[in-house]
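Participant: Structure file upload.tsv, TSV, N, CA and C atoms, is pasted below:
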```
chain	number	residue	atom	x	y	z
P	1	MET	N	11.77	-24.49	23.09
P	1	MET	CA	12.00	-24.88	21.71
P	1	MET	C	13.31	-25.65	21.66
P	2	GLY	N	13.25	-26.79	21.00
P	2	GLY	CA	14.43	-27.63	20.92
P	2	GLY	C	15.47	-27.06	19.98
P	3	ARG	N	16.66	-27.57	20.14
P	3	ARG	CA	17.79	-27.11	19.33
P	3	ARG	C	17.54	-27.35	17.83
P	4	PHE	N	16.98	-28.51	17.52
P	4	PHE	CA	16.70	-28.84	16.12
P	4	PHE	C	15.64	-27.90	15.54
P	5	ASN	N	14.62	-27.59	16.32
P	5	ASN	CA	13.57	-26.68	15.84
P	5	ASN	C	14.10	-25.28	15.59
P	6	ARG	N	14.99	-24.81	16.47
P	6	ARG	CA	15.61	-23.50	16.25
P	6	ARG	C	16.46	-23.50	14.98
P	7	PHE	N	17.15	-24.59	14.73
P	7	PHE	CA	17.96	-24.73	13.53
P	7	PHE	C	17.09	-24.66	12.28
P	8	LEU	N	15.96	-25.37	12.31
P	8	LEU	CA	15.03	-25.33	11.17
P	8	LEU	C	14.45	-23.93	10.96
P	9	LEU	N	14.14	-23.26	12.06
P	9	LEU	CA	13.62	-21.90	11.97
P	9	LEU	C	14.64	-20.96	11.33
P	10	ILE	N	15.88	-21.09	11.73
P	10	ILE	CA	16.95	-20.26	11.17
P	10	ILE	C	17.11	-20.53	9.68
P	11	LEU	N	16.99	-21.78	9.27
P	11	LEU	CA	17.09	-22.12	7.85
P	11	LEU	C	15.87	-21.64	7.06
P	12	ALA	N	14.70	-21.72	7.66
P	12	ALA	CA	13.46	-21.39	6.96
P	12	ALA	C	13.21	-19.89	6.87
P	13	LEU	N	13.71	-19.11	7.82
P	13	LEU	CA	13.43	-17.68	7.85
P	13	LEU	C	13.82	-16.94	6.57
P	14	PRO	N	15.03	-17.14	6.02
P	14	PRO	CA	15.36	-16.45	4.76
P	14	PRO	C	14.44	-16.86	3.61
P	15	ALA	N	14.05	-18.12	3.56
P	15	ALA	CA	13.15	-18.57	2.49
P	15	ALA	C	11.78	-17.91	2.62
P	16	ILE	N	11.30	-17.78	3.85
P	16	ILE	CA	10.00	-17.13	4.07
P	16	ILE	C	10.08	-15.66	3.68
P	17	LEU	N	11.16	-14.99	4.05
P	17	LEU	CA	11.33	-13.58	3.68
P	17	LEU	C	11.40	-13.41	2.17
P	18	MET	N	12.07	-14.32	1.49
P	18	MET	CA	12.15	-14.24	0.02
P	18	MET	C	10.77	-14.38	-0.60
P	19	LEU	N	9.94	-15.28	-0.04
P	19	LEU	CA	8.59	-15.45	-0.57
P	19	LEU	C	7.76	-14.20	-0.37
P	20	VAL	N	7.88	-13.59	0.79
P	20	VAL	CA	7.07	-12.40	1.09
P	20	VAL	C	7.57	-11.18	0.33
P	21	VAL	N	8.87	-10.95	0.31
P	21	VAL	CA	9.44	-9.74	-0.28
P	21	VAL	C	9.86	-9.97	-1.72
P	22	GLY	N	10.45	-11.09	-2.03
P	22	GLY	CA	11.06	-11.31	-3.33
P	22	GLY	C	10.13	-11.73	-4.44
P	23	CYS	N	8.87	-11.94	-4.17
P	23	CYS	CA	7.95	-12.41	-5.20
P	23	CYS	C	7.31	-11.27	-5.99
P	24	GLN	N	7.73	-10.07	-5.75
P	24	GLN	CA	7.15	-8.92	-6.41
P	24	GLN	C	7.64	-8.87	-7.85
P	25	LYS	N	6.90	-9.51	-8.75
P	25	LYS	CA	7.30	-9.52	-10.16
P	25	LYS	C	6.82	-8.29	-10.91
P	26	LEU	N	5.77	-7.66	-10.43
P	26	LEU	CA	5.24	-6.48	-11.11
P	26	LEU	C	6.02	-5.25	-10.65
P	27	THR	N	7.10	-4.98	-11.37
P	27	THR	CA	7.93	-3.81	-11.08
P	27	THR	C	8.21	-3.08	-12.39
P	28	HIS	N	8.52	-1.79	-12.28
P	28	HIS	CA	8.83	-1.00	-13.46
P	28	HIS	C	10.09	-1.53	-14.15
P	29	LYS	N	11.04	-1.97	-13.36
P	29	LYS	CA	12.28	-2.52	-13.92
P	29	LYS	C	12.00	-3.74	-14.79
P	30	ARG	N	11.13	-4.63	-14.30
P	30	ARG	CA	10.77	-5.81	-15.10
P	30	ARG	C	9.96	-5.41	-16.33
P	31	PHE	N	9.06	-4.43	-16.17
P	31	PHE	CA	8.27	-3.93	-17.28
P	31	PHE	C	9.17	-3.44	-18.42
P	32	GLN	N	10.27	-2.78	-18.06
P	32	GLN	CA	11.19	-2.25	-19.06
P	32	GLN	C	11.90	-3.37	-19.83
P	33	LEU	N	11.94	-4.58	-19.29
P	33	LEU	CA	12.57	-5.70	-20.00
P	33	LEU	C	11.71	-6.20	-21.15
P	34	ILE	N	10.42	-5.89	-21.13
P	34	ILE	CA	9.49	-6.30	-22.19
P	34	ILE	C	9.74	-5.40	-23.40
P	35	ARG	N	10.00	-6.02	-24.55
P	35	ARG	CA	10.32	-5.24	-25.75
P	35	ARG	C	9.23	-5.39	-26.81
P	36	GLU	N	8.71	-4.25	-27.24
P	36	GLU	CA	7.70	-4.24	-28.30
P	36	GLU	C	8.29	-4.79	-29.59
P	37	GLY	N	7.53	-5.66	-30.24
P	37	GLY	CA	7.96	-6.26	-31.50
P	37	GLY	C	8.93	-7.41	-31.33
P	38	VAL	N	9.32	-7.73	-30.11
P	38	VAL	CA	10.31	-8.78	-29.86
P	38	VAL	C	9.81	-9.82	-28.86
P	39	SER	N	9.38	-9.36	-27.67
P	39	SER	CA	8.99	-10.28	-26.59
P	39	SER	C	7.71	-11.02	-26.95
P	40	ASN	N	7.66	-12.31	-26.61
P	40	ASN	CA	6.45	-13.10	-26.85
P	40	ASN	C	5.72	-13.35	-25.54
P	41	GLN	N	4.57	-14.02	-25.62
P	41	GLN	CA	3.73	-14.24	-24.44
P	41	GLN	C	4.45	-15.01	-23.35
P	42	LEU	N	5.22	-16.03	-23.71
P	42	LEU	CA	5.95	-16.82	-22.72
P	42	LEU	C	6.97	-15.96	-21.99
P	43	GLU	N	7.71	-15.13	-22.72
P	43	GLU	CA	8.70	-14.24	-22.11
P	43	GLU	C	8.03	-13.24	-21.17
P	44	VAL	N	6.90	-12.72	-21.59
P	44	VAL	CA	6.18	-11.74	-20.76
P	44	VAL	C	5.73	-12.38	-19.45
P	45	GLU	N	5.18	-13.59	-19.54
P	45	GLU	CA	4.70	-14.26	-18.33
P	45	GLU	C	5.85	-14.63	-17.40
P	46	LYS	N	6.99	-15.01	-17.96
P	46	LYS	CA	8.16	-15.30	-17.12
P	46	LYS	C	8.68	-14.04	-16.45
P	47	THR	N	8.57	-12.92	-17.13
P	47	THR	CA	9.10	-11.65	-16.61
P	47	THR	C	8.17	-11.03	-15.57
P	48	LEU	N	6.87	-10.98	-15.87
P	48	LEU	CA	5.92	-10.28	-15.00
P	48	LEU	C	5.06	-11.19	-14.14
P	49	GLY	N	5.10	-12.49	-14.41
P	49	GLY	CA	4.25	-13.42	-13.67
P	49	GLY	C	2.90	-13.58	-14.35
P	50	GLN	N	2.06	-14.38	-13.73
P	50	GLN	CA	0.72	-14.66	-14.25
P	50	GLN	C	-0.12	-13.38	-14.23
P	51	PRO	N	-0.70	-13.00	-15.36
P	51	PRO	CA	-1.53	-11.78	-15.38
P	51	PRO	C	-2.83	-11.99	-14.60
P	52	ASP	N	-3.41	-10.89	-14.16
P	52	ASP	CA	-4.71	-10.94	-13.49
P	52	ASP	C	-5.83	-11.24	-14.48
P	53	ARG	N	-5.68	-10.73	-15.70
P	53	ARG	CA	-6.68	-10.96	-16.75
P	53	ARG	C	-5.99	-11.21	-18.07
P	54	LYS	N	-6.52	-12.17	-18.80
P	54	LYS	CA	-6.05	-12.45	-20.16
P	54	LYS	C	-7.24	-12.34	-21.09
P	55	LEU	N	-7.21	-11.33	-21.95
P	55	LEU	CA	-8.21	-11.21	-23.00
P	55	LEU	C	-7.55	-11.67	-24.29
P	56	ALA	N	-8.22	-11.58	-25.39
P	56	ALA	CA	-7.69	-12.09	-26.65
P	56	ALA	C	-6.29	-11.54	-26.95
P	57	ASP	N	-6.15	-10.23	-26.93
P	57	ASP	CA	-4.85	-9.63	-27.28
P	57	ASP	C	-4.31	-8.72	-26.18
P	58	LEU	N	-4.92	-8.75	-25.01
P	58	LEU	CA	-4.53	-7.87	-23.90
P	58	LEU	C	-4.36	-8.68	-22.63
P	59	TRP	N	-3.21	-8.52	-22.00
P	59	TRP	CA	-2.97	-9.08	-20.67
P	59	TRP	C	-2.85	-7.91	-19.71
P	60	ASN	N	-3.42	-8.07	-18.51
P	60	ASN	CA	-3.45	-6.99	-17.53
P	60	ASN	C	-2.99	-7.48	-16.17
P	61	TRP	N	-2.14	-6.67	-15.53
P	61	TRP	CA	-1.70	-6.89	-14.15
P	61	TRP	C	-2.12	-5.66	-13.36
P	62	THR	N	-2.67	-5.87	-12.16
P	62	THR	CA	-3.07	-4.77	-11.31
P	62	THR	C	-2.64	-5.06	-9.88
P	63	ASP	N	-2.02	-4.08	-9.25
P	63	ASP	CA	-1.67	-4.16	-7.84
P	63	ASP	C	-2.34	-2.97	-7.16
P	64	HIS	N	-3.49	-3.22	-6.58
P	64	HIS	CA	-4.27	-2.14	-5.97
P	64	HIS	C	-3.54	-1.50	-4.79
P	65	ASP	N	-2.82	-2.30	-4.02
P	65	ASP	CA	-2.11	-1.77	-2.86
P	65	ASP	C	-1.03	-0.75	-3.25
P	66	ARG	N	-0.35	-1.01	-4.37
P	66	ARG	CA	0.72	-0.11	-4.81
P	66	ARG	C	0.25	0.84	-5.92
P	67	HIS	N	-1.04	0.77	-6.29
P	67	HIS	CA	-1.64	1.63	-7.31
P	67	HIS	C	-0.96	1.48	-8.67
P	68	LEU	N	-0.66	0.23	-9.05
P	68	LEU	CA	0.01	-0.05	-10.31
P	68	LEU	C	-0.90	-0.81	-11.26
P	69	THR	N	-0.79	-0.47	-12.54
P	69	THR	CA	-1.47	-1.20	-13.60
P	69	THR	C	-0.50	-1.37	-14.74
P	70	CYS	N	-0.48	-2.57	-15.30
P	70	CYS	CA	0.36	-2.86	-16.46
P	70	CYS	C	-0.50	-3.55	-17.50
P	71	ASN	N	-0.48	-3.05	-18.72
P	71	ASN	CA	-1.20	-3.65	-19.83
P	71	ASN	C	-0.20	-4.00	-20.92
P	72	ILE	N	-0.28	-5.23	-21.40
P	72	ILE	CA	0.55	-5.68	-22.51
P	72	ILE	C	-0.39	-6.13	-23.63
P	73	TYR	N	-0.21	-5.55	-24.80
P	73	TYR	CA	-1.04	-5.86	-25.97
P	73	TYR	C	-0.21	-6.71	-26.94
P	74	PHE	N	-0.81	-7.78	-27.46
P	74	PHE	CA	-0.12	-8.70	-28.36
P	74	PHE	C	-0.71	-8.62	-29.77
P	75	ASP	N	0.14	-8.90	-30.75
P	75	ASP	CA	-0.34	-8.98	-32.13
P	75	ASP	C	-0.84	-10.40	-32.40
P	76	ASP	N	-1.20	-10.69	-33.65
P	76	ASP	CA	-1.75	-12.00	-34.02
P	76	ASP	C	-0.75	-13.14	-33.83
P	77	ARG	N	0.55	-12.82	-33.80
P	77	ARG	CA	1.59	-13.85	-33.63
P	77	ARG	C	1.91	-14.11	-32.16
P	78	GLY	N	1.30	-13.33	-31.25
P	78	GLY	CA	1.59	-13.48	-29.82
P	78	GLY	C	2.84	-12.73	-29.39
P	79	VAL	N	3.22	-11.74	-30.19
P	79	VAL	CA	4.37	-10.89	-29.89
P	79	VAL	C	3.86	-9.55	-29.37
P	80	VAL	N	4.59	-8.94	-28.45
P	80	VAL	CA	4.16	-7.67	-27.84
P	80	VAL	C	4.05	-6.59	-28.91
P	81	ASP	N	2.87	-5.99	-29.00
P	81	ASP	CA	2.62	-4.90	-29.93
P	81	ASP	C	2.80	-3.56	-29.21
P	82	LYS	N	2.19	-3.42	-28.05
P	82	LYS	CA	2.25	-2.20	-27.24
P	82	LYS	C	2.31	-2.59	-25.78
P	83	LYS	N	2.73	-1.64	-24.94
P	83	LYS	CA	2.73	-1.88	-23.50
P	83	LYS	C	2.47	-0.56	-22.78
P	84	GLU	N	1.83	-0.67	-21.61
P	84	GLU	CA	1.51	0.51	-20.80
P	84	GLU	C	1.88	0.23	-19.35
P	85	TRP	N	2.45	1.22	-18.69
P	85	TRP	CA	2.75	1.17	-17.26
P	85	TRP	C	2.08	2.37	-16.63
P	86	ILE	N	1.19	2.14	-15.67
P	86	ILE	CA	0.47	3.22	-15.01
P	86	ILE	C	0.74	3.10	-13.51
P	87	ASP	N	1.36	4.13	-12.96
P	87	ASP	CA	1.64	4.21	-11.53
P	87	ASP	C	0.83	5.39	-11.00
P	88	ALA	N	-0.38	5.11	-10.55
P	88	ALA	CA	-1.27	6.18	-10.08
P	88	ALA	C	-0.73	6.85	-8.83
P	89	GLY	N	0.02	6.12	-8.03
P	89	GLY	CA	0.59	6.70	-6.82
P	89	GLY	C	1.59	7.80	-7.12
P	90	LYS	N	2.35	7.64	-8.22
P	90	LYS	CA	3.36	8.64	-8.61
P	90	LYS	C	2.86	9.54	-9.74
P	91	GLY	N	1.68	9.22	-10.30
P	91	GLY	CA	1.15	10.02	-11.40
P	91	GLY	C	1.91	9.82	-12.70
P	92	VAL	N	2.32	8.57	-12.98
P	92	VAL	CA	3.10	8.28	-14.18
P	92	VAL	C	2.33	7.32	-15.08
P	93	TRP	N	2.30	7.66	-16.37
P	93	TRP	CA	1.72	6.78	-17.38
P	93	TRP	C	2.74	6.68	-18.50
P	94	GLU	N	3.24	5.48	-18.76
P	94	GLU	CA	4.28	5.27	-19.77
P	94	GLU	C	3.79	4.27	-20.79
P	95	GLY	N	4.04	4.56	-22.06
P	95	GLY	CA	3.64	3.67	-23.14
P	95	GLY	C	2.38	4.17	-23.80
P	96	SER	N	1.77	3.30	-24.60
P	96	SER	CA	0.54	3.67	-25.27
P	96	SER	C	-0.22	2.43	-25.68
P	97	ALA	N	-1.52	2.56	-25.76
P	97	ALA	CA	-2.39	1.48	-26.20
P	97	ALA	C	-2.45	1.46	-27.72
P	98	PRO	N	-2.81	0.34	-28.32
P	98	PRO	CA	-2.94	0.30	-29.78
P	98	PRO	C	-3.95	1.32	-30.28
P	99	GLY	N	-3.67	1.88	-31.44
P	99	GLY	CA	-4.59	2.83	-32.07
P	99	GLY	C	-4.37	4.27	-31.67
P	100	VAL	N	-3.37	4.57	-30.84
P	100	VAL	CA	-3.16	5.96	-30.45
P	100	VAL	C	-2.06	6.62	-31.26
P	101	ASP	N	-1.34	5.86	-32.10
P	101	ASP	CA	-0.31	6.45	-32.95
P	101	ASP	C	-0.95	7.23	-34.09
P	102	ARG	N	-0.23	8.21	-34.56
P	102	ARG	CA	-0.67	8.92	-35.75
P	102	ARG	C	-0.41	8.03	-36.97
P	103	PRO	N	-1.20	8.16	-38.02
P	103	PRO	CA	-0.97	7.34	-39.20
P	103	PRO	C	0.46	7.48	-39.72
P	104	GLY	N	1.09	6.35	-40.00
P	104	GLY	CA	2.45	6.35	-40.53
P	104	GLY	C	3.53	6.46	-39.49
P	105	GLU	N	3.18	6.61	-38.22
P	105	GLU	CA	4.18	6.73	-37.16
P	105	GLU	C	4.47	5.35	-36.59
P	106	PRO	N	5.70	4.86	-36.71
P	106	PRO	CA	6.01	3.53	-36.22
P	106	PRO	C	5.91	3.47	-34.69
P	107	SER	N	5.27	2.40	-34.20
P	107	SER	CA	5.05	2.28	-32.76
P	107	SER	C	6.35	2.05	-32.00
P	108	GLU	N	7.37	1.46	-32.63
P	108	GLU	CA	8.62	1.19	-31.94
P	108	GLU	C	9.33	2.48	-31.52
P	109	GLN	N	9.03	3.58	-32.21
P	109	GLN	CA	9.71	4.83	-31.92
P	109	GLN	C	8.91	5.73	-30.99
P	110	LYS	N	7.73	5.29	-30.57
P	110	LYS	CA	6.89	6.17	-29.76
P	110	LYS	C	6.72	5.59	-28.36
P	111	THR	N	7.16	6.33	-27.40
P	111	THR	CA	6.89	6.04	-26.01
P	111	THR	C	6.48	7.35	-25.37
P	112	THR	N	5.35	7.34	-24.73
P	112	THR	CA	4.84	8.54	-24.09
P	112	THR	C	4.97	8.36	-22.59
P	113	ILE	N	5.57	9.31	-21.93
P	113	ILE	CA	5.64	9.31	-20.47
P	113	ILE	C	4.95	10.57	-20.00
P	114	ARG	N	3.89	10.38	-19.24
P	114	ARG	CA	3.12	11.52	-18.74
P	114	ARG	C	3.22	11.53	-17.23
P	115	THR	N	3.49	12.67	-16.67
P	115	THR	CA	3.48	12.84	-15.22
P	115	THR	C	2.36	13.80	-14.89
P	116	ILE	N	1.48	13.36	-14.00
P	116	ILE	CA	0.32	14.16	-13.63
P	116	ILE	C	0.63	14.85	-12.32
P	117	GLU	N	0.62	16.16	-12.34
P	117	GLU	CA	0.90	16.94	-11.13
P	117	GLU	C	-0.34	16.94	-10.24
P	118	PRO	N	-0.14	16.77	-8.92
P	118	PRO	CA	-1.30	16.77	-8.00
P	118	PRO	C	-1.90	18.14	-7.86
```
Using structure tokens, write down the structure that the file contains.
Facilitator:
Amino acid sequence: MGRFNRFLLILALPAILMLVVGCQKLTHKRFQLIREGVSNQLEVEKTLGQPDRKLADLWNWTDHDRHLTCNIYFDDRGVVDKKEWIDAGKGVWEGSAPGVDRPGEPSEQKTTIRTIEP
């Protein structure tokens, strides 16, 4: 291998590692940056990346290898109404889907975190 090729390899290696390791946008930390009643669709996509599925008012991200599911529900204005984080590997379900609040209970004040014991 020539000297120039080794130099290019040394320069390219960190970039390749960043692509492999650093592209993980679906993380709980990023999920927590999404704010109900505040974040819009553009902000959500910049934070979590392109969703696996886009329905009318629901965007879904799934990582089968890490057993993660994230659901973001939007209102008619395209603002986050509800959000859910499901980590089946750890047995954690955080957030709630639309329609699970009790009548008169504001959604901004309700976050449910459930841990499922094995």
Participant: Between atom N of Asp75 (chain P) and CA of Lys90 (chain P), what distance in Å does the model show, to one decimal?
Facilitator: 28.4 Å
Participant: List the neighbours of His67 (chain P) out to 9 Å using only C-alpha atoms; skip same-chain residues closer than 4 positions along the sequence, and give me the result as a ChimeraX atom specification.
Facilitator: /P:62-63,86-90
Participant: Write out as JSON an axis-aligned box for region 77-88 of chain P: all of its atoms listed in the file, 4 Å added on each side, centre and edge lengths in Å with one decimal.
Facilitator:
```
{"center_x": 1.7, "center_y": -3.6, "center_z": -21.3, "size_x": 13.9, "size_y": 29.0, "size_z": 33.0}
```
Participant: Smallest atom-to-atom distance to Phe31 (chain P): which of P:Asp65, P:Asp57, P:Asp76, P:Glu94, using only C-alpha atoms?
Facilitator: P:Glu94
Participant: How far is it from CA of Lys54 (chain P) to CA of Lys82 (chain P), in Å with one decimal?
Facilitator: 15.0 Å
Participant: Between CA of Gly78 (chain P) and atom C of Trp61 (chain P), measure the distance and give it in Å to one decimal.
Facilitator: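 Spanning CA of Gly78 (chain P) to atom C of Trp61 (chain P) is a straight-line distance of 18.6 Å.
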Participant: Residues proximal to (-4.9, -12.2, -13.3) were defined as those with any atom within 12 Å of that point in the file's coordinates, counting only C-alpha atoms. Which are they, as a list in words?
Facilitator: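 Those within range, by chain then number, are Leu26, Glu45, Leu48, Gly49, Gln50, Pro51, Asp52, Arg53, Lys54, Leu55, Leu58, Trp59, Asn60, Trp61, Thr62, Asp63, Thr69, Cys70 and Asn71 of chain P.
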Participant: Kindly export the residues of the current selection with N, CA and C atoms, as a JSON list (two decimals), in the coordinates of the input.
Facilitator:
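As written to disk, out-v8.json reads:
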```
[["chain", "number", "residue", "atom", "x", "y", "z"],
["P", 26, "LEU", "N", 5.77, -7.66, -10.43],
["P", 26, "LEU", "CA", 5.24, -6.48, -11.11],
["P", 26, "LEU", "C", 6.02, -5.25, -10.65],
["P", 45, "GLU", "N", 5.18, -13.59, -19.54],
["P", 45, "GLU", "CA", 4.70, -14.26, -18.33],
["P", 45, "GLU", "C", 5.85, -14.63, -17.40],
["P", 48, "LEU", "N", 6.87, -10.98, -15.87],
["P", 48, "LEU", "CA", 5.92, -10.28, -15.00],
["P", 48, "LEU", "C", 5.06, -11.19, -14.14],
["P", 49, "GLY", "N", 5.10, -12.49, -14.41],
["P", 49, "GLY", "CA", 4.25, -13.42, -13.67],
["P", 49, "GLY", "C", 2.90, -13.58, -14.35],
["P", 50, "GLN", "N", 2.06, -14.38, -13.73],
["P", 50, "GLN", "CA", 0.72, -14.66, -14.25],
["P", 50, "GLN", "C", -0.12, -13.38, -14.23],
["P", 51, "PRO", "N", -0.70, -13.00, -15.36],
["P", 51, "PRO", "CA", -1.53, -11.78, -15.38],
["P", 51, "PRO", "C", -2.83, -11.99, -14.60],
["P", 52, "ASP", "N", -3.41, -10.89, -14.16],
["P", 52, "ASP", "CA", -4.71, -10.94, -13.49],
["P", 52, "ASP", "C", -5.83, -11.24, -14.48],
["P", 53, "ARG", "N", -5.68, -10.73, -15.70],
["P", 53, "ARG", "CA", -6.68, -10.96, -16.75],
["P", 53, "ARG", "C", -5.99, -11.21, -18.07],
["P", 54, "LYS", "N", -6.52, -12.17, -18.80],
["P", 54, "LYS", "CA", -6.05, -12.45, -20.16],
["P", 54, "LYS", "C", -7.24, -12.34, -21.09],
["P", 55, "LEU", "N", -7.21, -11.33, -21.95],
["P", 55, "LEU", "CA", -8.21, -11.21, -23.00],
["P", 55, "LEU", "C", -7.55, -11.67, -24.29],
["P", 58, "LEU", "N", -4.92, -8.75, -25.01],
["P", 58, "LEU", "CA", -4.53, -7.87, -23.90],
["P", 58, "LEU", "C", -4.36, -8.68, -22.63],
["P", 59, "TRP", "N", -3.21, -8.52, -22.00],
["P", 59, "TRP", "CA", -2.97, -9.08, -20.67],
["P", 59, "TRP", "C", -2.85, -7.91, -19.71],
["P", 60, "ASN", "N", -3.42, -8.07, -18.51],
["P", 60, "ASN", "CA", -3.45, -6.99, -17.53],
["P", 60, "ASN", "C", -2.99, -7.48, -16.17],
["P", 61, "TRP", "N", -2.14, -6.67, -15.53],
["P", 61, "TRP", "CA", -1.70, -6.89, -14.15],
["P", 61, "TRP", "C", -2.12, -5.66, -13.36],
["P", 62, "THR", "N", -2.67, -5.87, -12.16],
["P", 62, "THR", "CA", -3.07, -4.77, -11.31],
["P", 62, "THR", "C", -2.64, -5.06, -9.88],
["P", 63, "ASP", "N", -2.02, -4.08, -9.25],
["P", 63, "ASP", "CA", -1.67, -4.16, -7.84],
["P", 63, "ASP", "C", -2.34, -2.97, -7.16],
["P", 69, "THR", "N", -0.79, -0.47, -12.54],
["P", 69, "THR", "CA", -1.47, -1.20, -13.60],
["P", 69, "THR", "C", -0.50, -1.37, -14.74],
["P", 70, "CYS", "N", -0.48, -2.57, -15.30],
["P", 70, "CYS", "CA", 0.36, -2.86, -16.46],
["P", 70, "CYS", "C", -0.50, -3.55, -17.50],
["P", 71, "ASN", "N", -0.48, -3.05, -18.72],
["P", 71, "ASN", "CA", -1.20, -3.65, -19.83],
["P", 71, "ASN", "C", -0.20, -4.00, -20.92]]
```
Participant: Using all atoms listed in the file, which residue out of P:His64, P:Val92, P:Thr47, P:Leu42 lies closest to Arg30 (chain P)?
Facilitator: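 Looking at the shortest contact to Arg30 (chain P), the residue is P:Thr47.
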Participant: Between P:Val80, P:Gly91, P:Ser96, P:Trp85, which residue has the minimum interatomic distance to Val38 (chain P), considering only N, CA and C atoms?
Facilitator: P:Val80
